[in-house]
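A.B. asks: Sharing my_file.tsv (TSV, C-alpha atoms) below.
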```tsv
chain	number	residue	atom	x	y	z
A	1068	MET	CA	8.90	245.65	25.52
A	1069	GLY	CA	6.09	246.94	23.37
A	1070	LEU	CA	5.34	246.31	19.71
A	1071	GLY	CA	5.66	249.36	17.46
A	1072	GLY	CA	2.55	249.19	15.30
A	1073	PHE	CA	3.73	251.44	12.46
A	1074	GLU	CA	5.96	248.78	10.97
A	1075	VAL	CA	3.11	246.26	10.90
A	1076	GLY	CA	1.77	248.22	7.93
A	1077	PRO	CA	0.31	248.73	5.54
A	1078	GLU	CA	2.92	250.65	3.61
A	1079	SER	CA	1.88	253.51	1.35
A	1080	GLY	CA	0.07	252.07	-1.67
A	1081	GLU	CA	-0.13	248.60	-0.14
A	1082	ASP	CA	-3.31	246.73	0.72
A	1083	PRO	CA	-3.67	245.91	4.43
A	1084	ASP	CA	-2.32	242.44	5.23
A	1085	VAL	CA	-4.36	241.40	8.23
A	1086	ASP	CA	-2.95	237.85	8.26
A	1087	ARG	CA	0.58	239.21	8.60
A	1088	ALA	CA	-0.47	241.65	11.31
A	1089	VAL	CA	-2.11	238.80	13.23
A	1090	ALA	CA	1.04	236.69	12.93
A	1091	VAL	CA	3.27	239.50	14.22
A	1092	ILE	CA	0.98	240.38	17.14
A	1093	GLU	CA	0.57	236.72	18.10
A	1094	ALA	CA	4.37	236.32	18.02
A	1095	ALA	CA	4.68	239.33	20.31
A	1096	LEU	CA	2.13	237.89	22.75
A	1097	ALA	CA	3.82	234.49	22.73
A	1098	ALA	CA	7.13	236.17	23.58
A	1099	GLY	CA	5.63	237.97	26.57
A	1100	MET	CA	4.78	241.39	25.13
A	1101	ASN	CA	1.35	242.61	26.17
A	1102	TRP	CA	1.06	246.04	24.52
A	1103	LEU	CA	1.39	247.76	21.19
A	1104	ASP	CA	1.56	251.32	19.95
A	1105	THR	CA	-0.16	253.03	17.03
A	1106	ALA	CA	-1.46	256.51	16.10
A	1107	GLU	CA	-4.17	258.15	14.04
A	1108	SER	CA	-1.51	259.67	11.77
A	1109	TYR	CA	0.21	256.38	10.93
A	1110	LEU	CA	-0.59	255.86	7.27
A	1111	GLU	CA	-3.55	258.25	7.53
A	1112	THR	CA	-5.46	256.11	10.08
A	1113	ARG	CA	-4.94	252.88	8.10
A	1114	ASN	CA	-2.56	251.48	10.72
A	1115	GLU	CA	-5.17	251.83	13.44
A	1116	SER	CA	-7.75	250.13	11.22
A	1117	LEU	CA	-5.41	247.24	10.41
A	1118	ILE	CA	-4.50	246.73	14.05
A	1119	GLY	CA	-8.15	246.92	15.07
A	1120	GLU	CA	-9.11	244.15	12.67
A	1121	ALA	CA	-6.12	242.02	13.70
A	1122	LEU	CA	-6.90	242.39	17.42
A	1123	GLU	CA	-10.52	241.45	16.81
A	1124	ARG	CA	-9.36	238.20	15.19
A	1125	ILE	CA	-6.89	237.43	17.97
A	1126	GLY	CA	-9.33	238.05	20.79
A	1127	ASP	CA	-6.58	238.40	23.40
A	1128	GLU	CA	-6.53	241.29	25.85
A	1129	VAL	CA	-3.79	243.54	24.51
A	1130	ILE	CA	-2.90	246.91	25.98
A	1131	VAL	CA	-3.20	249.48	23.19
A	1132	ALA	CA	-1.61	252.90	22.99
A	1133	SER	CA	-2.61	255.43	20.34
A	1134	LYS	CA	-2.06	259.13	19.68
A	1135	VAL	CA	-3.88	262.20	18.46
A	1136	ALA	CA	-1.89	264.61	16.31
A	1137	PRO	CA	-2.13	268.40	15.95
A	1138	ARG	CA	-3.26	270.18	12.83
A	1139	THR	CA	-0.59	271.72	10.64
A	1140	ALA	CA	0.31	275.37	11.06
A	1141	GLY	CA	-1.76	276.24	7.99
A	1142	GLY	CA	-4.90	274.94	9.67
A	1143	THR	CA	-5.49	272.02	7.29
A	1144	GLY	CA	-3.90	268.63	7.07
A	1145	GLY	CA	-1.96	266.93	9.83
A	1146	GLY	CA	-3.93	265.27	12.58
A	1147	SER	CA	-7.36	265.83	14.09
A	1148	GLY	CA	-6.22	268.88	16.03
A	1149	PHE	CA	-5.83	269.85	19.66
A	1150	ARG	CA	-8.97	271.87	20.39
A	1151	ARG	CA	-11.17	270.29	23.05
A	1152	GLU	CA	-13.83	269.13	20.60
A	1153	GLN	CA	-11.17	267.82	18.20
A	1154	ILE	CA	-9.51	265.74	20.94
A	1155	HIS	CA	-12.85	264.18	21.88
A	1156	ALA	CA	-13.78	263.41	18.27
A	1157	ALA	CA	-10.33	261.99	17.52
A	1158	CYS	CA	-10.48	259.60	20.46
A	1159	ARG	CA	-13.88	258.28	19.43
A	1160	ASP	CA	-12.68	257.84	15.85
A	1161	SER	CA	-9.64	255.89	17.07
A	1162	LEU	CA	-11.84	253.69	19.24
A	1163	ARG	CA	-14.02	252.93	16.24
A	1164	ARG	CA	-11.03	252.00	14.06
A	1165	LEU	CA	-9.44	249.95	16.84
A	1166	ARG	CA	-12.78	248.25	17.56
A	1167	ARG	CA	-12.44	248.92	21.27
A	1168	ASP	CA	-14.44	250.58	24.03
A	1169	GLN	CA	-11.37	252.08	25.67
A	1170	VAL	CA	-7.83	253.10	24.75
A	1171	ASP	CA	-5.34	252.07	27.42
A	1172	MET	CA	-2.81	254.85	26.74
A	1173	TYR	CA	-3.64	257.96	24.72
A	1174	PHE	CA	-0.90	260.42	23.77
A	1175	LEU	CA	-0.60	263.88	22.35
A	1176	HIS	CA	1.59	262.91	19.39
A	1177	ALA	CA	3.67	266.09	19.15
A	1178	PRO	CA	3.54	269.74	20.21
A	1179	ASP	CA	0.93	271.99	18.59
A	1180	ARG	CA	2.18	274.88	16.41
A	1181	THR	CA	-1.18	276.49	15.68
A	1182	GLY	CA	-1.70	278.38	18.93
A	1183	VAL	CA	-4.05	276.05	20.80
A	1184	PRO	CA	-3.44	276.59	24.52
A	1185	LEU	CA	-1.80	273.56	26.06
A	1186	GLU	CA	-4.11	273.89	29.06
A	1187	GLU	CA	-7.15	273.42	26.83
A	1188	THR	CA	-5.64	270.37	25.14
A	1189	TRP	CA	-4.54	268.70	28.35
A	1190	GLY	CA	-7.86	269.45	30.00
A	1191	ALA	CA	-9.61	267.64	27.15
A	1192	MET	CA	-7.31	264.66	27.59
A	1193	ALA	CA	-8.20	264.53	31.29
A	1194	GLU	CA	-11.89	264.56	30.38
A	1195	LEU	CA	-11.40	261.43	28.27
A	1196	VAL	CA	-10.16	259.63	31.38
A	1197	GLU	CA	-13.10	260.91	33.43
A	1198	GLN	CA	-15.48	259.62	30.76
A	1199	GLY	CA	-13.89	256.17	30.77
A	1200	LEU	CA	-12.77	256.35	27.14
A	1201	VAL	CA	-9.07	256.33	28.08
A	1202	ARG	CA	-7.21	254.70	30.97
A	1203	ALA	CA	-4.01	256.77	30.94
A	1204	ILE	CA	-2.89	259.93	29.14
A	1205	GLY	CA	0.52	260.97	27.96
A	1206	MET	CA	2.67	263.26	25.86
A	1207	SER	CA	5.00	262.32	23.02
A	1208	GLN	CA	8.00	264.38	21.87
A	1209	TYR	CA	7.37	267.28	24.27
A	1210	ASP	CA	10.10	269.06	26.17
A	1211	LEU	CA	10.50	268.74	29.92
A	1212	ALA	CA	9.01	272.16	30.70
A	1213	ASP	CA	5.75	271.44	28.85
A	1214	VAL	CA	5.42	268.01	30.43
A	1215	MET	CA	5.90	269.39	33.93
A	1216	HIS	CA	3.46	272.22	33.20
A	1217	CYS	CA	0.79	269.67	32.29
A	1218	HIS	CA	1.79	267.42	35.18
A	1219	ALA	CA	0.91	270.25	37.56
A	1220	GLN	CA	-2.52	270.62	35.91
A	1221	ARG	CA	-3.36	266.91	35.81
A	1222	THR	CA	-0.93	264.00	36.26
A	1223	VAL	CA	0.96	263.03	33.12
A	1224	ASP	CA	0.81	259.24	33.34
A	1225	VAL	CA	3.35	258.49	30.63
A	1226	VAL	CA	5.64	260.19	28.14
A	1227	GLN	CA	7.01	258.85	24.89
A	1228	ILE	CA	10.47	259.93	23.88
A	1229	GLY	CA	13.21	258.85	21.47
A	1230	LEU	CA	16.52	257.33	22.55
A	1231	SER	CA	19.18	255.09	21.06
A	1232	LEU	CA	22.93	254.71	21.18
A	1233	ILE	CA	23.20	257.07	18.21
A	1234	ASP	CA	20.27	259.47	18.55
A	1235	TYR	CA	18.32	261.56	21.08
A	1236	LEU	CA	21.14	261.15	23.57
A	1237	ASP	CA	20.46	264.51	25.21
A	1238	ALA	CA	17.09	263.11	26.32
A	1239	ARG	CA	18.68	260.97	29.01
A	1240	ASP	CA	18.61	263.67	31.70
A	1241	ASP	CA	14.92	264.38	31.01
A	1242	ILE	CA	14.11	260.67	31.17
A	1243	THR	CA	15.73	260.48	34.59
A	1244	ARG	CA	13.68	263.48	35.73
A	1245	TYR	CA	10.46	261.87	34.53
A	1246	GLY	CA	11.27	258.73	36.46
A	1247	GLU	CA	11.91	260.76	39.60
A	1248	ALA	CA	8.53	262.49	39.12
A	1249	GLY	CA	6.73	259.15	38.85
A	1250	ILE	CA	5.98	259.52	35.13
A	1251	ALA	CA	6.35	256.34	33.08
A	1252	VAL	CA	8.67	256.60	30.07
A	1253	THR	CA	8.21	254.62	26.87
A	1254	VAL	CA	11.03	254.93	24.33
A	1255	PHE	CA	10.76	254.85	20.53
A	1256	ASP	CA	13.40	254.55	17.80
A	1257	VAL	CA	15.59	252.36	19.99
A	1258	LEU	CA	17.21	250.80	16.89
A	1259	GLY	CA	18.21	254.03	15.23
A	1260	GLY	CA	15.96	253.59	12.22
A	1261	GLY	CA	17.46	250.19	11.45
A	1262	ILE	CA	21.12	251.18	11.83
A	1263	LEU	CA	21.48	249.16	15.05
A	1264	THR	CA	20.02	245.93	13.64
A	1265	GLY	CA	23.03	244.47	11.83
A	1266	LYS	CA	22.05	245.75	8.38
A	1267	THR	CA	24.76	247.20	6.17
A	1268	MET	CA	24.91	250.89	5.37
A	1269	GLU	CA	23.72	250.15	1.84
A	1270	GLU	CA	20.72	248.18	3.11
A	1271	VAL	CA	19.67	250.94	5.49
A	1272	LEU	CA	20.13	253.73	2.95
A	1273	ALA	CA	17.96	251.79	0.50
A	1274	THR	CA	15.03	252.11	2.93
A	1275	TRP	CA	15.46	255.86	3.49
A	1276	THR	CA	14.71	257.31	0.08
A	1277	GLY	CA	12.46	259.93	-1.51
A	1278	PRO	CA	11.16	262.59	0.91
A	1279	TRP	CA	12.83	260.79	3.83
A	1280	VAL	CA	16.21	262.23	2.81
A	1281	GLU	CA	14.91	265.62	3.96
A	1282	SER	CA	13.91	264.31	7.39
A	1283	GLY	CA	15.66	265.34	10.55
A	1284	PHE	CA	16.50	261.71	11.23
A	1285	PHE	CA	18.31	261.32	7.89
A	1286	LYS	CA	20.23	264.55	8.34
A	1287	ARG	CA	21.31	263.59	11.86
A	1288	LEU	CA	22.38	260.03	11.14
A	1289	LEU	CA	22.72	259.17	7.46
A	1290	VAL	CA	24.17	262.08	5.47
A	1291	PRO	CA	27.79	261.63	4.29
A	1292	GLY	CA	30.14	262.04	7.22
A	1293	LYS	CA	27.47	261.10	9.77
A	1294	ALA	CA	26.47	257.76	8.30
A	1295	GLU	CA	30.02	256.50	8.76
A	1296	ARG	CA	29.93	257.52	12.43
A	1297	SER	CA	26.54	255.87	12.93
A	1298	PHE	CA	27.85	252.60	11.55
A	1299	ALA	CA	31.05	252.86	13.58
A	1300	VAL	CA	28.85	252.54	16.68
A	1301	ALA	CA	26.95	249.68	15.06
A	1302	GLY	CA	30.19	247.89	14.27
A	1303	GLY	CA	31.37	248.06	17.87
A	1304	LEU	CA	27.96	246.99	19.11
A	1305	GLY	CA	28.01	243.99	16.78
A	1306	ALA	CA	31.24	242.75	18.34
A	1307	ILE	CA	29.77	243.03	21.84
A	1308	ALA	CA	26.57	241.27	20.75
A	1309	ALA	CA	28.56	238.39	19.26
A	1310	ARG	CA	30.43	237.92	22.53
A	1311	LEU	CA	27.14	237.94	24.47
A	1312	GLY	CA	25.52	235.47	22.07
A	1313	ALA	CA	22.81	238.03	21.25
A	1314	THR	CA	21.70	240.01	18.23
A	1315	MET	CA	22.81	243.60	17.78
A	1316	ALA	CA	19.20	244.72	18.09
A	1317	GLN	CA	18.81	242.90	21.41
A	1318	VAL	CA	21.85	244.65	22.87
A	1319	ALA	CA	20.70	248.04	21.58
A	1320	ILE	CA	17.25	247.57	23.12
A	1321	ALA	CA	18.65	246.22	26.39
A	1322	TRP	CA	20.91	249.29	26.69
A	1323	VAL	CA	17.85	251.56	26.44
A	1324	LEU	CA	16.00	249.50	29.05
A	1325	HIS	CA	18.96	249.90	31.41
A	1326	GLN	CA	18.79	253.72	31.32
A	1327	PRO	CA	17.54	255.37	34.53
A	1328	GLY	CA	13.87	256.32	34.28
A	1329	VAL	CA	13.00	254.11	31.30
A	1330	THR	CA	9.85	252.04	31.81
A	1331	ALA	CA	9.55	250.32	28.44
A	1332	ALA	CA	10.95	250.28	24.92
A	1333	LEU	CA	9.13	250.04	21.59
A	1334	ALA	CA	10.35	248.14	18.55
A	1335	GLY	CA	8.35	247.33	15.45
A	1336	SER	CA	8.79	244.66	12.81
A	1337	ARG	CA	6.89	242.89	10.06
A	1338	SER	CA	8.65	239.66	11.00
A	1339	PRO	CA	7.29	237.38	13.72
A	1340	ARG	CA	10.83	236.02	14.24
A	1341	HIS	CA	12.36	239.47	14.70
A	1342	THR	CA	9.49	240.43	16.99
A	1343	GLN	CA	10.23	237.47	19.25
A	1344	GLU	CA	13.96	238.19	19.16
A	1345	ASN	CA	13.34	241.80	20.18
A	1346	ALA	CA	11.18	240.66	23.09
A	1347	GLN	CA	14.06	238.63	24.49
A	1348	SER	CA	16.00	241.87	25.06
A	1349	VAL	CA	14.36	242.21	28.46
A	1350	HIS	CA	16.23	239.10	29.63
A	1351	LEU	CA	19.66	240.24	28.44
A	1352	ALA	CA	21.97	241.14	31.34
A	1353	LEU	CA	24.36	243.93	30.35
A	1354	THR	CA	25.88	244.71	33.73
A	1355	ASP	CA	29.39	243.66	32.71
A	1356	SER	CA	29.10	245.29	29.28
A	1357	LEU	CA	27.44	248.63	29.98
A	1358	ALA	CA	30.69	250.56	30.33
A	1359	GLU	CA	32.02	249.09	27.09
A	1360	ILE	CA	28.79	249.97	25.28
A	1361	ASP	CA	28.85	253.50	26.65
A	1362	ARG	CA	32.36	253.95	25.26
A	1363	LEU	CA	30.91	253.48	21.78
A	1364	ILE	CA	28.60	256.48	22.05
A	1365	PRO	CA	31.25	259.18	21.35
A	1366	LEU	CA	32.01	257.45	18.05
A	1367	GLY	CA	28.54	258.38	16.84
A	1368	PRO	CA	27.23	261.33	14.82
A	1369	ALA	CA	26.11	263.35	17.85
A	1370	PHE	CA	29.75	263.98	18.76
A	1371	ALA	CA	32.42	266.00	17.02
A	1372	ALA	CA	35.24	264.15	15.30
```
Once you've parsed the file, please lay out its structure as C-alpha cells.
C.D. replies:
Amino acid sequence: MGLGGFEVGPESGEDPDVDRAVAVIEAALAAGMNWLDTAESYLETRNESLIGEALERIGDEVIVASKVAPRTAGGTGGGSGFRREQIHAACRDSLRRLRRDQVDMYFLHAPDRTGVPLEETWGAMAELVEQGLVRAIGMSQYDLADVMHCHAQRTVDVVQIGLSLIDYLDARDDITRYGEAGIAVTVFDVLGGGILTGKTMEEVLATWTGPWVESGFFKRLLVPGKAERSFAVAGGLGAIAARLGATMAQVAIAWVLHQPGVTAALAGSRSPRHTQENAQSVHLALTDSLAEIDRLIPLGPAFAA
C-alpha cells in the first residue's frame, strides 16, 4: 500500500496544513506503509511543497514518487512539458519542493498531445537516472503499446494505472502483461472516487461538484443511470465486507491487490484513522470471497443493463 498524496491537501483556496499532513504520513508509516505519491500538477505544485515540509519534519526515510506533466495542446498551461530540457528542469524543481536530493520514482503523468517525440521524453527520463536524480522511472496512464515501445528503448521500471471494481476494468489484461514483462504496477483510484468507501450516493455526489461534473470519471460512474449501478456494486461489497469483519474500502483495495500483475495500490486520505485502516488491506485474505466479489462487477456501470 502507498499513500496517495493528493488527498493530503491543500485543497483549492485552503492554506497548507502541515500538522495534518504530518499526522497522516506518520499514521501511514506506523501502519507499515513506506511510500507516498504526489505530482507537480497536484494543486499547482502546492501538494509537493506541503509533502516536502511534512517529510522534513518527520525525518523518516520515505519512498517518494512524483510526476512531471505535459504542456497543454495550446502550448501554455498544464505541466512543465516533455521536451528534454523541460523534463530536467521539472525534476529539479520537484526535488527543491520535496526537499530531497533524489526522487525514488518519477513518472510521466500522462501522454503528451503537443507532438513531442516519446523517444526524446523517455531518453530524458533515463538521463535523470544516470545523473542520480531519480532511482526509477515510470509511465502513468499510457497505453500498452507506448509502454512497450519505451521499454524497448530503456526499461520501464514501473507503470501507474487505474483500476477498481467499477472503473478501468479493461486495464486488467494490460496489468497482467506488465507483470509478465517484469514492470511493476502501481494502481490508483482503487476506491472509485469514494464510491467504494461506504459513503451514500448523496455524500459522494456532494464531493463531485462544479467542473468535476464534466470529468470523464463523473460521466462514467455518477451520471443518472450509472450512479445507481455504481452503488449497486458498493452495496454488494458492503455485505461481503460485513461478513469478513472488514471495511468496504479494505475489501475493495484487497481485491485490487489480488489482481495478477499488481505490485501496489494507492489510497489517499486526510484522516490518520482511515489511512491506517486502508493499510490493513494488505492483510485481508479474500481467497474464499474472490468469486463472489467478481460476480458483483457486471452490476456496475461498465456493463450494459
A.B. asks: In Å, how far is it from CA of Asp1171 (chain A) to CA of Asp1084 (chain A)?
C.D. replies: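 Between CA of Asp1171 (chain A) and CA of Asp1084 (chain A) the gap works out to 24.4 Å.
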A.B. asks: Please measure the separation of CA of Leu1103 (chain A) and CA of Leu1230 (chain A), giving the value in Å to one decimal.
C.D. replies: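 Taking CA of Leu1103 (chain A) as the start and CA of Leu1230 (chain A) as the end point, the length is 18.0 Å.
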A.B. asks: Would you work out the distance separating CA of Phe1298 (chain A) from CA of Pro1327 (chain A), expressed in Å to one decimal?
C.D. replies: 25.3 Å
A.B. asks: What lies within 12 Å of Ala1219 (chain A) using all atoms listed in the file, ignoring chain neighbours under 6 positions off, as a PyMOL selection string?
C.D. replies: chain A and resi 1186+1189-1190+1212-1213+1248
A.B. asks: Excluding Thr1222 (chain A) and residues on its chain fewer than 2 positions from it, collect all residues at most 12 Å away from it, counting all atoms listed in the file, and give them as a VMD selection string.
C.D. replies: chain A and resid 1189 to 1190 1192 to 1193 1196 1203 to 1206 1214 to 1220 1224 to 1226 1245 1248 to 1251
A.B. asks: Which residues are close to region 1114-1124 of chain A, i.e. within 7 Å by only C-alpha atoms, leaving aside same-chain residues fewer than 2 positions away? Reply as a list in words.
C.D. replies: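 Here the qualifying residues turn out to be Phe1073, Gly1076, Pro1077, Pro1083, Val1085, Ala1088, Val1089, Thr1105, Ala1106, Glu1107, Tyr1109, Leu1110, Thr1112, Gly1126, Arg1164, Leu1165 and Arg1166 of chain A.
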A.B. asks: Quick one: residues within 12 Å of Asp1361 (chain A), all atoms listed in the file counted, chain neighbours fewer than 6 positions away excluded, as a list in words?
C.D. replies: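 So, after excluding close chain neighbours, the residues are Ser1231, Leu1232, Ile1233, Leu1236, Val1300, Gly1303, Leu1304, Ile1307, Val1318, Ala1319, Trp1322, Val1323, His1325, Gln1326, Leu1353, Thr1354, Asp1355 and Gly1367 of chain A.
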A.B. asks: Counting all atoms listed in the file, which residues in region 1196-1287 of chain A sit no more than 10 Å from region 1333-1348 of chain A? For each one, give the nearest pair of atoms and the distance in Å, sorted by chain then residue number, as JSON lines.
C.D. replies:
```
{"residue": "A:Gln1227", "atom": "CA", "partner": "A:Leu1333", "partner_atom": "CA", "distance": 9.6}
{"residue": "A:Gly1229", "atom": "CA", "partner": "A:Leu1333", "partner_atom": "CA", "distance": 9.7}
{"residue": "A:Thr1253", "atom": "CA", "partner": "A:Leu1333", "partner_atom": "CA", "distance": 7.0}
{"residue": "A:Val1254", "atom": "CA", "partner": "A:Leu1333", "partner_atom": "CA", "distance": 5.9}
{"residue": "A:Phe1255", "atom": "CA", "partner": "A:Leu1333", "partner_atom": "CA", "distance": 5.2}
{"residue": "A:Asp1256", "atom": "CA", "partner": "A:Ala1334", "partner_atom": "CA", "distance": 7.1}
{"residue": "A:Val1257", "atom": "CA", "partner": "A:Ala1334", "partner_atom": "CA", "distance": 6.9}
{"residue": "A:Leu1258", "atom": "CA", "partner": "A:Ala1334", "partner_atom": "CA", "distance": 7.5}
```
A.B. asks: Excluding same-chain residues fewer than 4 positions from Leu1200 (chain A), what lies within 10 Å of it counting only C-alpha atoms, as a ChimeraX atom specification?
C.D. replies: /A:1155,1158-1159,1162,1167-1171,1173,1192,1194-1196
A.B. asks: Between A:Asp1086, A:Glu1074, A:Asp1179, A:Glu1295, single out the one closest to Thr1139 (chain A), counting only C-alpha atoms.
C.D. replies: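 For Thr1139 (chain A), the nearest of the candidates is A:Asp1179.
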